[in-house]
Structures are given as C-alpha cells and as structure tokens.
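Asker: Provided below: run26.cif, containing mmCIF, C-alpha atoms (C1' of nucleotides).
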```cif
data_model
#
loop_
_atom_site.group_PDB
_atom_site.id
_atom_site.type_symbol
_atom_site.label_atom_id
_atom_site.label_comp_id
_atom_site.auth_asym_id
_atom_site.auth_seq_id
_atom_site.Cartn_x
_atom_site.Cartn_y
_atom_site.Cartn_z
ATOM 1 C CA MET A 10 108.149 112.309 88.480
ATOM 2 C CA ALA A 11 107.506 108.911 87.007
ATOM 3 C CA GLU A 12 103.810 109.666 87.038
ATOM 4 C CA ARG A 13 101.620 106.724 86.249
ATOM 5 C CA ILE A 14 100.090 106.470 82.803
ATOM 6 C CA SER A 15 96.460 105.379 82.817
ATOM 7 C CA ASP A 16 94.999 102.950 80.367
ATOM 8 C CA ALA A 17 93.419 105.569 78.149
ATOM 9 C CA GLU A 18 96.557 107.666 78.247
ATOM 10 C CA HIS A 19 98.545 104.664 77.225
ATOM 11 C CA ALA A 20 96.603 104.404 73.991
ATOM 12 C CA VAL A 21 97.685 107.942 73.170
ATOM 13 C CA MET A 22 101.266 107.161 74.044
ATOM 14 C CA GLU A 23 101.335 104.184 71.720
ATOM 15 C CA VAL A 24 100.396 106.481 68.880
ATOM 16 C CA LEU A 25 103.122 108.952 69.742
ATOM 17 C CA TRP A 26 105.725 106.277 70.254
ATOM 18 C CA ASP A 27 104.926 105.019 66.823
ATOM 19 C CA GLU A 28 105.237 108.406 65.205
ATOM 20 C CA ALA A 29 106.089 111.859 66.489
ATOM 21 C CA PRO A 30 105.716 114.742 66.565
ATOM 22 C CA LEU A 31 102.044 114.798 65.761
ATOM 23 C CA SER A 32 99.282 117.338 66.095
ATOM 24 C CA ALA A 33 96.289 116.565 68.297
ATOM 25 C CA GLN A 34 94.262 115.816 65.245
ATOM 26 C CA ASP A 35 96.877 113.456 63.876
ATOM 27 C CA VAL A 36 96.883 111.599 67.143
ATOM 28 C CA ALA A 37 93.106 111.350 67.180
ATOM 29 C CA GLU A 38 93.121 109.904 63.691
ATOM 30 C CA ARG A 39 95.608 107.258 64.650
ATOM 31 C CA ILE A 40 93.875 106.017 67.775
ATOM 32 C CA PRO A 41 92.589 102.502 67.133
ATOM 33 C CA PRO A 42 89.046 102.935 65.866
ATOM 34 C CA GLU A 43 87.567 100.489 68.358
ATOM 35 C CA ARG A 44 88.212 103.066 71.061
ATOM 36 C CA ASP A 45 85.717 105.273 69.329
ATOM 37 C CA TRP A 46 86.830 108.452 71.046
ATOM 38 C CA SER A 47 85.810 111.975 70.238
ATOM 39 C CA ALA A 48 88.562 114.369 69.275
ATOM 40 C CA ASN A 49 87.956 116.154 72.561
ATOM 41 C CA THR A 50 88.747 113.065 74.527
ATOM 42 C CA VAL A 51 92.093 112.809 72.822
ATOM 43 C CA LYS A 52 92.818 116.456 73.549
ATOM 44 C CA THR A 53 91.994 115.973 77.199
ATOM 45 C CA LEU A 54 94.340 113.035 77.402
ATOM 46 C CA LEU A 55 97.091 114.971 75.663
ATOM 47 C CA GLY A 56 96.579 117.737 78.202
ATOM 48 C CA ARG A 57 96.868 115.336 81.092
ATOM 49 C CA LEU A 58 99.977 113.744 79.679
ATOM 50 C CA LEU A 59 101.475 117.198 79.238
ATOM 51 C CA ALA A 60 100.671 118.076 82.830
ATOM 52 C CA LYS A 61 102.399 114.916 83.962
ATOM 53 C CA ASN A 62 105.401 115.764 81.851
ATOM 54 C CA ILE A 63 105.163 112.536 79.961
ATOM 55 C CA ILE A 64 104.910 114.293 76.637
ATOM 56 C CA GLY A 65 106.085 117.699 75.467
ATOM 57 C CA HIS A 66 104.839 120.062 72.803
ATOM 58 C CA GLU A 67 106.250 122.572 70.433
ATOM 59 C CA GLU A 68 104.349 125.295 68.659
ATOM 60 C CA ASP A 69 103.605 124.905 65.011
ATOM 61 C CA GLY A 70 101.604 127.907 63.889
ATOM 62 C CA ARG A 71 98.323 127.975 65.749
ATOM 63 C CA ARG A 72 98.608 124.414 66.993
ATOM 64 C CA TYR A 73 100.988 122.186 68.856
ATOM 65 C CA LEU A 74 102.958 119.183 67.873
ATOM 66 C CA TYR A 75 103.286 116.604 70.599
ATOM 67 C CA ARG A 76 106.091 114.172 71.223
ATOM 68 C CA PRO A 77 106.892 111.678 73.954
ATOM 69 C CA LEU A 78 109.355 112.637 76.655
ATOM 70 C CA VAL A 79 109.425 109.130 78.021
ATOM 71 C CA ALA A 80 110.860 106.324 75.932
ATOM 72 C CA ARG A 81 108.613 103.365 75.349
ATOM 73 C CA GLY A 82 111.321 101.070 76.580
ATOM 74 C CA ASP A 83 111.475 102.851 79.906
ATOM 75 C CA TYR A 84 107.750 102.693 80.334
ATOM 76 C CA VAL A 85 107.585 99.041 79.395
ATOM 77 C CA GLU A 86 110.435 98.395 81.761
ATOM 78 C CA GLY A 87 108.647 100.078 84.635
ATOM 79 C CA GLU A 88 105.349 98.319 84.073
ATOM 80 C CA SER A 89 106.976 94.944 83.667
ATOM 81 C CA ARG A 90 108.939 95.394 86.810
ATOM 82 C CA ARG A 91 105.866 96.488 88.717
ATOM 83 C CA LEU A 92 104.129 93.316 87.716
ATOM 84 C CA MET A 93 107.104 91.159 88.577
ATOM 85 C CA ASP A 94 107.434 92.842 91.939
ATOM 86 C CA ARG A 95 103.767 92.653 92.824
ATOM 87 C CA LEU A 96 103.065 89.148 91.714
ATOM 88 C CA PHE A 97 106.314 87.268 91.493
ATOM 89 C CA GLY A 98 108.411 88.679 94.277
ATOM 90 C CA GLY A 99 110.491 90.584 91.770
ATOM 91 C CA LYS A 100 111.851 87.435 90.188
ATOM 92 C CA LEU A 101 111.747 86.870 86.484
ATOM 93 C CA THR A 102 111.953 83.102 86.574
ATOM 94 C CA PRO A 103 108.592 82.482 88.218
ATOM 95 C CA LEU A 104 106.998 84.913 85.807
ATOM 96 C CA VAL A 105 108.340 83.041 82.842
ATOM 97 C CA ALA A 106 107.469 79.748 84.462
ATOM 98 C CA HIS A 107 103.940 80.836 85.056
ATOM 99 C CA LEU A 108 103.354 82.228 81.612
ATOM 100 C CA ALA A 109 105.144 79.440 79.854
ATOM 101 C CA GLU A 110 103.044 76.829 81.599
ATOM 102 C CA ARG A 111 99.730 78.376 80.821
ATOM 103 C CA ASP A 112 100.545 79.734 77.431
ATOM 104 C CA ALA A 113 100.911 76.828 75.107
ATOM 105 C CA LEU A 114 104.314 77.772 73.804
ATOM 106 C CA THR A 115 105.267 76.347 70.480
ATOM 107 C CA ASN A 116 108.588 74.660 70.055
ATOM 108 C CA GLU A 117 109.656 77.618 67.959
ATOM 109 C CA ASP A 118 108.854 79.976 70.793
ATOM 110 C CA ILE A 119 110.906 77.894 73.130
ATOM 111 C CA ALA A 120 113.776 77.722 70.718
ATOM 112 C CA GLU A 121 113.670 81.472 70.345
ATOM 113 C CA ILE A 122 113.877 82.078 74.050
ATOM 114 C CA GLU A 123 116.617 79.541 74.418
ATOM 115 C CA ALA A 124 118.636 81.252 71.738
ATOM 116 C CA LEU A 125 118.087 84.544 73.467
ATOM 117 C CA LEU A 126 119.255 83.197 76.772
ATOM 118 C CA LYS A 127 122.287 81.614 75.219
ATOM 119 C CA GLY A 128 123.298 85.008 73.942
ATOM 120 C CA LEU A 129 123.033 86.457 77.421
ATOM 121 C CA LYS A 130 125.102 83.914 79.163
ATOM 122 C CA SER A 131 128.326 85.514 80.192
ATOM 123 C CA MET B 26 82.434 89.006 86.437
ATOM 124 C CA ALA B 27 86.177 89.193 86.416
ATOM 125 C CA GLU B 28 86.013 92.547 88.135
ATOM 126 C CA ARG B 29 89.279 94.343 88.381
ATOM 127 C CA ILE B 30 91.172 94.292 91.645
ATOM 128 C CA SER B 31 92.668 97.637 92.574
ATOM 129 C CA ASP B 32 96.086 98.036 94.080
ATOM 130 C CA ALA B 33 94.868 98.460 97.629
ATOM 131 C CA GLU B 34 92.471 95.576 97.240
ATOM 132 C CA HIS B 35 95.301 93.458 95.989
ATOM 133 C CA ALA B 36 97.144 93.883 99.273
ATOM 134 C CA VAL B 37 94.126 92.441 101.048
ATOM 135 C CA MET B 38 93.931 89.577 98.608
ATOM 136 C CA GLU B 39 97.553 88.651 99.174
ATOM 137 C CA VAL B 40 96.784 88.238 102.840
ATOM 138 C CA LEU B 41 93.795 86.027 102.149
ATOM 139 C CA TRP B 42 95.602 83.976 99.563
ATOM 140 C CA ASP B 43 98.253 83.325 102.100
ATOM 141 C CA GLU B 44 95.820 82.248 104.779
ATOM 142 C CA ALA B 45 92.065 81.881 104.906
ATOM 143 C CA PRO B 46 89.490 82.137 106.224
ATOM 144 C CA LEU B 47 90.312 85.149 108.341
ATOM 145 C CA SER B 48 88.298 87.715 110.252
ATOM 146 C CA ALA B 49 88.534 91.365 109.308
ATOM 147 C CA GLN B 50 90.781 91.967 112.242
ATOM 148 C CA ASP B 51 93.066 89.105 111.308
ATOM 149 C CA VAL B 52 93.402 90.524 107.843
ATOM 150 C CA ALA B 53 94.174 93.983 109.166
ATOM 151 C CA GLU B 54 96.907 92.578 111.372
ATOM 152 C CA ARG B 55 98.525 90.804 108.477
ATOM 153 C CA ILE B 56 98.623 93.741 106.084
ATOM 154 C CA PRO B 57 102.243 94.769 105.568
ATOM 155 C CA PRO B 58 102.894 97.456 108.171
ATOM 156 C CA GLU B 59 104.299 99.922 105.654
ATOM 157 C CA ARG B 60 100.795 100.346 104.310
ATOM 158 C CA ASP B 61 99.897 101.824 107.649
ATOM 159 C CA TRP B 62 96.173 101.386 107.214
ATOM 160 C CA SER B 63 93.493 101.840 109.805
ATOM 161 C CA ALA B 64 91.305 98.837 110.560
ATOM 162 C CA ASN B 65 88.438 100.709 108.923
ATOM 163 C CA THR B 66 90.285 100.923 105.672
ATOM 164 C CA VAL B 67 90.722 97.185 105.624
ATOM 165 C CA LYS B 68 87.039 96.687 106.341
ATOM 166 C CA THR B 69 86.097 98.969 103.491
ATOM 167 C CA LEU B 70 88.308 97.033 101.134
ATOM 168 C CA LEU B 71 86.854 93.741 102.309
ATOM 169 C CA GLY B 72 83.412 95.162 101.652
ATOM 170 C CA ARG B 73 84.342 96.193 98.151
ATOM 171 C CA LEU B 74 85.886 92.833 97.388
ATOM 172 C CA LEU B 75 82.734 91.168 98.672
ATOM 173 C CA ALA B 76 80.600 93.361 96.451
ATOM 174 C CA LYS B 77 82.729 92.380 93.490
ATOM 175 C CA ASN B 78 82.369 88.723 94.394
ATOM 176 C CA ILE B 79 86.094 88.288 94.621
ATOM 177 C CA ILE B 80 85.906 87.069 98.177
ATOM 178 C CA GLY B 81 83.132 85.403 100.131
ATOM 179 C CA HIS B 82 82.298 85.347 103.802
ATOM 180 C CA GLU B 83 80.761 82.979 106.264
ATOM 181 C CA GLU B 84 79.328 83.855 109.650
ATOM 182 C CA ASP B 85 81.277 83.023 112.733
ATOM 183 C CA GLY B 86 79.326 84.248 115.709
ATOM 184 C CA ARG B 87 78.989 87.979 115.510
ATOM 185 C CA ARG B 88 81.646 88.414 112.853
ATOM 186 C CA TYR B 89 82.546 87.141 109.450
ATOM 187 C CA LEU B 90 85.364 85.037 108.168
ATOM 188 C CA TYR B 91 86.539 85.961 104.709
ATOM 189 C CA ARG B 92 88.045 83.769 102.068
ATOM 190 C CA PRO B 93 89.053 84.267 98.446
ATOM 191 C CA LEU B 94 86.720 83.105 95.717
ATOM 192 C CA VAL B 95 89.313 83.746 93.044
ATOM 193 C CA ALA B 96 92.478 81.692 92.938
ATOM 194 C CA ARG B 97 95.716 83.587 93.029
ATOM 195 C CA GLY B 98 96.881 81.737 89.965
ATOM 196 C CA ASP B 99 93.925 82.936 87.968
ATOM 197 C CA TYR B 100 94.469 86.509 89.025
ATOM 198 C CA VAL B 101 98.166 86.371 88.273
ATOM 199 C CA GLU B 102 97.356 84.819 84.956
ATOM 200 C CA GLY B 103 94.974 87.591 84.039
ATOM 201 C CA GLU B 104 97.297 90.382 85.049
ATOM 202 C CA SER B 105 100.248 88.851 83.290
ATOM 203 C CA ARG B 106 98.285 88.402 80.153
ATOM 204 C CA ARG B 107 97.032 91.966 80.292
ATOM 205 C CA LEU B 108 100.574 93.207 80.442
ATOM 206 C CA MET B 109 101.712 90.965 77.633
ATOM 207 C CA ASP B 110 98.808 92.040 75.491
ATOM 208 C CA ARG B 111 99.200 95.732 76.145
ATOM 209 C CA LEU B 112 102.918 95.995 75.827
ATOM 210 C CA PHE B 113 104.187 93.038 73.915
ATOM 211 C CA GLY B 114 101.488 92.295 71.408
ATOM 212 C CA GLY B 115 100.424 89.291 73.435
ATOM 213 C CA LYS B 116 103.683 87.468 72.810
ATOM 214 C CA LEU B 117 105.713 86.000 75.604
ATOM 215 C CA THR B 118 109.041 85.978 73.829
ATOM 216 C CA PRO B 119 109.468 89.750 73.578
ATOM 217 C CA LEU B 120 108.495 90.071 77.220
ATOM 218 C CA VAL B 121 111.170 87.661 78.283
ATOM 219 C CA ALA B 122 113.620 89.250 75.902
ATOM 220 C CA HIS B 123 112.950 92.656 77.294
ATOM 221 C CA LEU B 124 113.178 91.682 80.917
ATOM 222 C CA ALA B 125 116.119 89.426 80.426
ATOM 223 C CA GLU B 126 118.086 92.160 78.727
ATOM 224 C CA ARG B 127 117.508 94.769 81.343
ATOM 225 C CA ASP B 128 117.504 92.562 84.342
ATOM 226 C CA ALA B 129 120.998 91.393 84.890
ATOM 227 C CA LEU B 130 120.176 87.718 84.981
ATOM 228 C CA THR B 131 122.648 85.522 86.697
ATOM 229 C CA ASN B 132 123.834 82.412 85.007
ATOM 230 C CA GLU B 133 121.844 80.445 87.533
ATOM 231 C CA ASP B 134 118.680 82.291 86.552
ATOM 232 C CA ILE B 135 119.342 81.506 82.960
ATOM 233 C CA ALA B 136 120.022 77.888 83.706
ATOM 234 C CA GLU B 137 116.801 77.692 85.647
ATOM 235 C CA ILE B 138 114.735 79.057 82.806
ATOM 236 C CA GLU B 139 116.493 76.820 80.336
ATOM 237 C CA ALA B 140 115.690 73.801 82.428
ATOM 238 C CA LEU B 141 112.110 74.909 82.646
ATOM 239 C CA LEU B 142 111.834 75.307 78.914
ATOM 240 C CA LYS B 143 113.429 71.977 78.288
ATOM 241 C CA GLY B 144 110.727 70.382 80.371
ATOM 242 C CA LEU B 145 108.058 72.043 78.271
ATOM 243 C CA LYS B 146 109.364 71.016 74.935
ATOM 244 C CA SER B 147 107.030 68.479 73.483
ATOM 245 C "C1'" DG C 5 85.756 143.579 57.783
ATOM 246 C "C1'" DG C 6 82.428 139.902 59.480
ATOM 247 C "C1'" DC C 7 81.566 134.723 59.527
ATOM 248 C "C1'" DT C 8 83.229 130.267 60.151
ATOM 249 C "C1'" DA C 9 86.183 126.493 61.114
ATOM 250 C "C1'" DT C 10 90.196 124.940 63.817
ATOM 251 C "C1'" DT C 11 92.541 124.428 67.916
ATOM 252 C "C1'" DG C 12 93.832 124.640 72.591
ATOM 253 C "C1'" DA C 13 91.896 125.724 77.387
ATOM 254 C "C1'" DC C 14 88.569 125.107 80.680
ATOM 255 C "C1'" DT C 15 84.652 122.823 82.656
ATOM 256 C "C1'" DA C 16 81.651 118.755 83.546
ATOM 257 C "C1'" DC C 17 80.417 114.735 85.501
ATOM 258 C "C1'" DA C 18 79.902 109.870 86.777
ATOM 259 C "C1'" DG C 19 82.380 106.001 88.512
ATOM 260 C "C1'" DA C 20 86.621 103.979 90.727
ATOM 261 C "C1'" DT C 21 90.010 104.350 94.271
ATOM 262 C "C1'" DG C 22 92.428 105.391 98.640
ATOM 263 C "C1'" DT C 23 91.614 106.380 103.067
ATOM 264 C "C1'" DA C 24 88.883 106.786 106.886
ATOM 265 C "C1'" DA C 25 85.110 108.464 110.429
ATOM 266 C "C1'" DT C 26 80.685 107.551 112.235
ATOM 267 C "C1'" DC C 27 76.617 104.764 113.213
ATOM 268 C "C1'" DA C 28 74.005 100.804 114.799
ATOM 269 C "C1'" DT C 29 73.736 96.546 117.023
ATOM 270 C "C1'" DG C 30 74.571 92.934 119.827
ATOM 271 C "C1'" DA C 31 77.664 90.573 123.353
ATOM 272 C "C1'" DC C 32 79.758 90.871 127.706
ATOM 273 C "C1'" DG C 33 81.485 92.247 131.999
ATOM 274 C "C1'" DA C 34 80.498 95.160 136.330
ATOM 275 C "C1'" DT D 12 70.550 96.197 134.050
ATOM 276 C "C1'" DC D 13 73.705 99.574 132.067
ATOM 277 C "C1'" DG D 14 77.562 101.073 129.914
ATOM 278 C "C1'" DT D 15 81.332 99.568 126.910
ATOM 279 C "C1'" DC D 16 83.525 97.294 123.286
ATOM 280 C "C1'" DA D 17 83.810 94.716 118.974
ATOM 281 C "C1'" DT D 18 82.121 94.370 114.501
ATOM 282 C "C1'" DG D 19 79.858 95.108 110.233
ATOM 283 C "C1'" DA D 20 77.217 98.851 107.621
ATOM 284 C "C1'" DT D 21 76.865 103.343 106.024
ATOM 285 C "C1'" DT D 22 78.660 107.644 104.815
ATOM 286 C "C1'" DA D 23 82.451 110.872 103.576
ATOM 287 C "C1'" DC D 24 85.514 112.937 100.724
ATOM 288 C "C1'" DA D 25 89.501 114.071 97.806
ATOM 289 C "C1'" DT D 26 91.722 112.388 93.718
ATOM 290 C "C1'" DC D 27 92.025 109.916 89.453
ATOM 291 C "C1'" DT D 28 89.978 108.194 85.239
ATOM 292 C "C1'" DG D 29 87.110 107.910 81.180
ATOM 293 C "C1'" DT D 30 84.594 110.504 78.321
ATOM 294 C "C1'" DA D 31 83.177 114.595 76.510
ATOM 295 C "C1'" DG D 32 80.913 119.484 75.960
ATOM 296 C "C1'" DT D 33 81.708 124.469 75.862
ATOM 297 C "C1'" DC D 34 84.433 128.675 75.451
ATOM 298 C "C1'" DA D 35 87.821 131.785 73.551
ATOM 299 C "C1'" DA D 36 91.208 133.076 70.250
ATOM 300 C "C1'" DT D 37 92.680 133.143 65.731
ATOM 301 C "C1'" DA D 38 93.235 132.478 60.868
ATOM 302 C "C1'" DG D 39 91.418 132.214 56.520
ATOM 303 C "C1'" DC D 40 87.425 132.741 53.296
ATOM 304 C "C1'" DC D 41 83.822 135.806 50.971
#
```
Mind turning the file's structure into structure tokens?

Answerer:
Amino acid sequence: MAERISDAEHAVMEVLWDEAPLSAQDVAERIPPERDWSANTVKTLLGRLLAKNIIGHEEDGRRYLYRPLVARGDYVEGESRRLMDRLFGGKLTPLVAHLAERDALTNEDIAEIEALLKGLKS
Amino acid sequence: MAERISDAEHAVMEVLWDEAPLSAQDVAERIPPERDWSANTVKTLLGRLLAKNIIGHEEDGRRYLYRPLVARGDYVEGESRRLMDRLFGGKLTPLVAHLAERDALTNEDIAEIEALLKGLKS
DNA sequence: GGCTATTGACTACAGATGTAATCATGACGA
DNA sequence: TCGTCATGATTACATCTGTAGTCAATAGCC
C-alpha cells in the first residue's frame, strides 16, 4: 500500500479532495485548464489511481462516481516527511530555517508562525 | 537547464556534495550500503547526471573525477519550493503549521525555531 | 428497432527511471 | 609481448509516467 502518486495523478487528486464524489467528466472539467488534458487522459489517470487503491468508485447508472480513499492530510504528511527525511535529515528545524532564510518572510508571516508555535508549547 | 534529479541520482549527488571530486569507484564505495548497487549502476547514474549537466568531470589519468555543478542548497531550495507550491499554495506558514502539528515537536525544537525567526524579524 | 453519443476498458507509445550486463580500450604486470 | 584488469561507453530491459486513441457496451433519440 501507500503507493506513490505521480505528478499528473496528483492533479486529479486535488480535484477529488476539493469535491467528491465526481464522475470522470466532472473531474475532467475541474482540472486546471493550463494542463490542457483530453478527457481520455483524465480517465486513464482515474484508472491508475483506482488500481493503486488511492481512490474508490461507486456505480451511478452507467457511469462511476469517484472519491478519494486517502485523505489529503495523510498524503501531504507523507510527502512533507519524505522531503524532510531526504534533504534535512528528518528534522523540521533545518527545513524551516532554510525556507525562512531564502523566502523573504514578512513580519506578519513570522508573527503567524510564532503564534502557532506558542500554541504548541506544552 | 534545471533538469530534474531522480531519486537514485539524488543518492549519488549526496555523495558528491559531501566530498568531491571523486572517481566513479569512490562514489560507488560511498553510496549507503542499503542501496546495494552494483558499480555499474553508479556509473550509469554518473553518466546520466553528466548528460544533464548536473555534475562535471575532469580527467585524471585513465579515469574521471566527478564533481557537482549544482550546489546542494540550490537543489534543496528547488525541491522545497516545489513541495510548498504543490501542497501548500506556495506559502511557508501552512507547511510549518502542518508539520509542527503532526510532528511532536519538543520544546527545544520550538525554542530553536523561535530564535531563528526572531533573528529574521526586520 | 437502428443510429448515435456517452462512458468505461483496453491499447499505444515515447521518454524517464532503476538496475545492470557487455564491450572496447588502454595500462600494467608476468 | 600477451593476457588481465580497471574504467568509461554502449546497450538492455522492465516499469512507471504522461498523454492519448480505439473499442465495446449501453442508453436514449428518431
């Protein structure tokens, strides 16, 4: 399990995380237009996601309605952790340090994170 | 440019970022043993990285010495930003929020990040 | 009842990736 | 000088990915 989700598949997942269940056509219509995919491409991706058990489907007349089986939070969690593990030795602090340094953070951003951290302190 | 670095290639890059220049054999010896790669595999990966202009090589007698042409920081930067863009709308705060919530941060971790942020405040 | 449009299933196909074997060449020791 | 070994180059090959075309079933329209 925990099959990887490719980049193109991810675009489909974002649609389904935003709204589900949806038919294949609904999904295709909601894919960001800059992708410029044919409806067939979307159907292929839905098929692959089904095969990986990342989405499920239920019959609705002659078509299917698709819905995610994996929560976005879990996916995001896994990807974030992968990155942290690969590039920052699994530590969050260096990741934040790195991004904060390069990304001109506004004072509001900083304040927001500080507030967040305050809330977490036990 | 800015060719993508695959997962396997990344393992090679980590070796070269840690120490360079190195011969193909040196690199192979330094690959984490759990990868369990043959020397040929490493040479293939070096060849692909060369083709992508991510590493360079200089002659040293009958062999080459390889060295990175891309700084680790730049790579890390790119990958981190990709993740932020894909999953967090390009914003750092939600990323930190997400990771901080799920990752049981110790009070020391929090203090460390707070200190870091304090230093950034303009 | 036959034609057409929708929808999922299957097939296609090039490029990337992971993993490696084989080939060619030159250096080096016997 | 001849065979052997190290080393890079070339080739191999299965799988995954991105992108889509084609086929088959079916449901509704005329």

Asker: Which residues come within 12 Å of segment 27-39 of chain D, counting all atoms listed in the file, excluding same-chain residues fewer than 6 positions away, as a tab-separated table (two decimals) with C-alpha atoms (C1' of nucleotides), keeping the file's coordinate frame?

Answerer:
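Here's the written file selection-v3.tsv:
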```tsv
chain	number	residue	atom	x	y	z
A	13	ARG	CA	101.62	106.72	86.25
A	14	ILE	CA	100.09	106.47	82.80
A	15	SER	CA	96.46	105.38	82.82
A	16	ASP	CA	95.00	102.95	80.37
A	17	ALA	CA	93.42	105.57	78.15
A	18	GLU	CA	96.56	107.67	78.25
A	44	ARG	CA	88.21	103.07	71.06
A	45	ASP	CA	85.72	105.27	69.33
A	46	TRP	CA	86.83	108.45	71.05
A	47	SER	CA	85.81	111.98	70.24
A	48	ALA	CA	88.56	114.37	69.28
A	49	ASN	CA	87.96	116.15	72.56
A	50	THR	CA	88.75	113.06	74.53
A	51	VAL	CA	92.09	112.81	72.82
A	52	LYS	CA	92.82	116.46	73.55
A	53	THR	CA	91.99	115.97	77.20
A	54	LEU	CA	94.34	113.04	77.40
A	57	ARG	CA	96.87	115.34	81.09
A	70	GLY	CA	101.60	127.91	63.89
A	71	ARG	CA	98.32	127.98	65.75
A	72	ARG	CA	98.61	124.41	66.99
C	7	DC	C1'	81.57	134.72	59.53
C	8	DT	C1'	83.23	130.27	60.15
C	9	DA	C1'	86.18	126.49	61.11
C	10	DT	C1'	90.20	124.94	63.82
C	11	DT	C1'	92.54	124.43	67.92
C	12	DG	C1'	93.83	124.64	72.59
C	13	DA	C1'	91.90	125.72	77.39
C	14	DC	C1'	88.57	125.11	80.68
C	15	DT	C1'	84.65	122.82	82.66
C	16	DA	C1'	81.65	118.76	83.55
C	17	DC	C1'	80.42	114.74	85.50
C	18	DA	C1'	79.90	109.87	86.78
C	19	DG	C1'	82.38	106.00	88.51
C	20	DA	C1'	86.62	103.98	90.73
C	21	DT	C1'	90.01	104.35	94.27
C	22	DG	C1'	92.43	105.39	98.64
```

Asker: Set the cut-off to 8 Å and count only C-alpha atoms: what are the residues of chain B that reach chain A? Output as a list in words.

Answerer: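 That gives Val101, Glu102, Glu104, Ser105, Leu108, Leu112, Leu117, Thr118, Val121, Ala122, His123, Leu124, Ala125, Glu126, Arg127, Asn132, Asp134, Ile135, Glu137, Ile138, Glu139, Leu141, Leu142, Leu145, Lys146 and Ser147 of chain B for chain B.
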
Asker: Residues picked by the PyMOL selection byres ((chain D) within 12 of (chain B)) here, as a PDB file with C-alpha atoms (C1' of nucleotides), in the frame of the given file?

Answerer:
```
ATOM      1  C1'  DA D  17      83.810  94.716 118.974  1.00  0.00           C
ATOM      2  C1'  DT D  18      82.121  94.370 114.501  1.00  0.00           C
ATOM      3  C1'  DG D  19      79.858  95.108 110.233  1.00  0.00           C
ATOM      4  C1'  DA D  20      77.217  98.851 107.621  1.00  0.00           C
ATOM      5  C1'  DT D  21      76.865 103.343 106.024  1.00  0.00           C
ATOM      6  C1'  DT D  22      78.660 107.644 104.815  1.00  0.00           C
TER       7       DT D  22
END
```

Asker: Between atom CA of Glu28 of chain B and atom CA of Ile80 of chain B, what is the distance in Å, rounded to a tenth?

Answerer: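 That distance, rounded to one decimal, is 11.4 Å.
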
Asker: Please report as a short mmCIF file (atom, residue, chain, number, x, y, z; two decimals) with C-alpha atoms (C1' of nucleotides), keeping the file's coordinate frame which residues of chain C come no farther than 12 Å from chain B, using all atoms listed in the file.

Answerer:
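Output below, filename part.cif:
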```
data_model
loop_
_atom_site.label_atom_id
_atom_site.label_comp_id
_atom_site.auth_asym_id
_atom_site.auth_seq_id
_atom_site.Cartn_x
_atom_site.Cartn_y
_atom_site.Cartn_z
"C1'" DA C 20 86.62 103.98 90.73
"C1'" DT C 21 90.01 104.35 94.27
"C1'" DG C 22 92.43 105.39 98.64
"C1'" DT C 23 91.61 106.38 103.07
"C1'" DA C 24 88.88 106.79 106.89
"C1'" DA C 25 85.11 108.46 110.43
"C1'" DT C 26 80.68 107.55 112.24
"C1'" DT C 29 73.74 96.55 117.02
"C1'" DG C 30 74.57 92.93 119.83
"C1'" DA C 31 77.66 90.57 123.35
#
```

Asker: Have a look at B:Glu54, B:Pro46, B:Glu59, B:Val95 and name the one nearest to Leu74 of chain B; count all atoms listed in the file.

Answerer: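 Comparing B:Glu54, B:Pro46, B:Glu59, B:Val95 against Leu74 of chain B, the winner is B:Val95.
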
Asker: Suppose you want the space between atom CA of Val36 of chain A and atom CA of Ile63 of chain A; what is it in Å?

Answerer: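 Separation between atom CA of Val36 of chain A and atom CA of Ile63 of chain A: 15.3 Å.
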
Asker: Distance atom CA of Leu75 of chain B-atom C1' of DC27 of chain C, one decimal place?

Answerer: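 So the two atoms, atom CA of Leu75 of chain B and atom C1' of DC27 of chain C, lie 20.8 Å apart.
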
Asker: So that I can check the surroundings of DG33 of chain C, please list as a PyMOL selection string every protein, DNA and RNA residue that reaches within 12 Å of it, counting only C-alpha atoms (C1' of nucleotides) and ignoring chain neighbours fewer than 4 positions away.

Answerer: chain D and resi 12-16

Asker: Residues as selected, C-alpha atoms (C1' of nucleotides), written as a PDB file, in the frame of the given file, can you do that?

Answerer:
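Printed below is result.pdb as written:
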```pdb
ATOM      1  C1'  DT D  12      70.550  96.197 134.050  1.00  0.00           C
ATOM      2  C1'  DC D  13      73.705  99.574 132.067  1.00  0.00           C
ATOM      3  C1'  DG D  14      77.562 101.073 129.914  1.00  0.00           C
ATOM      4  C1'  DT D  15      81.332  99.568 126.910  1.00  0.00           C
ATOM      5  C1'  DC D  16      83.525  97.294 123.286  1.00  0.00           C
TER       6       DC D  16
END
```
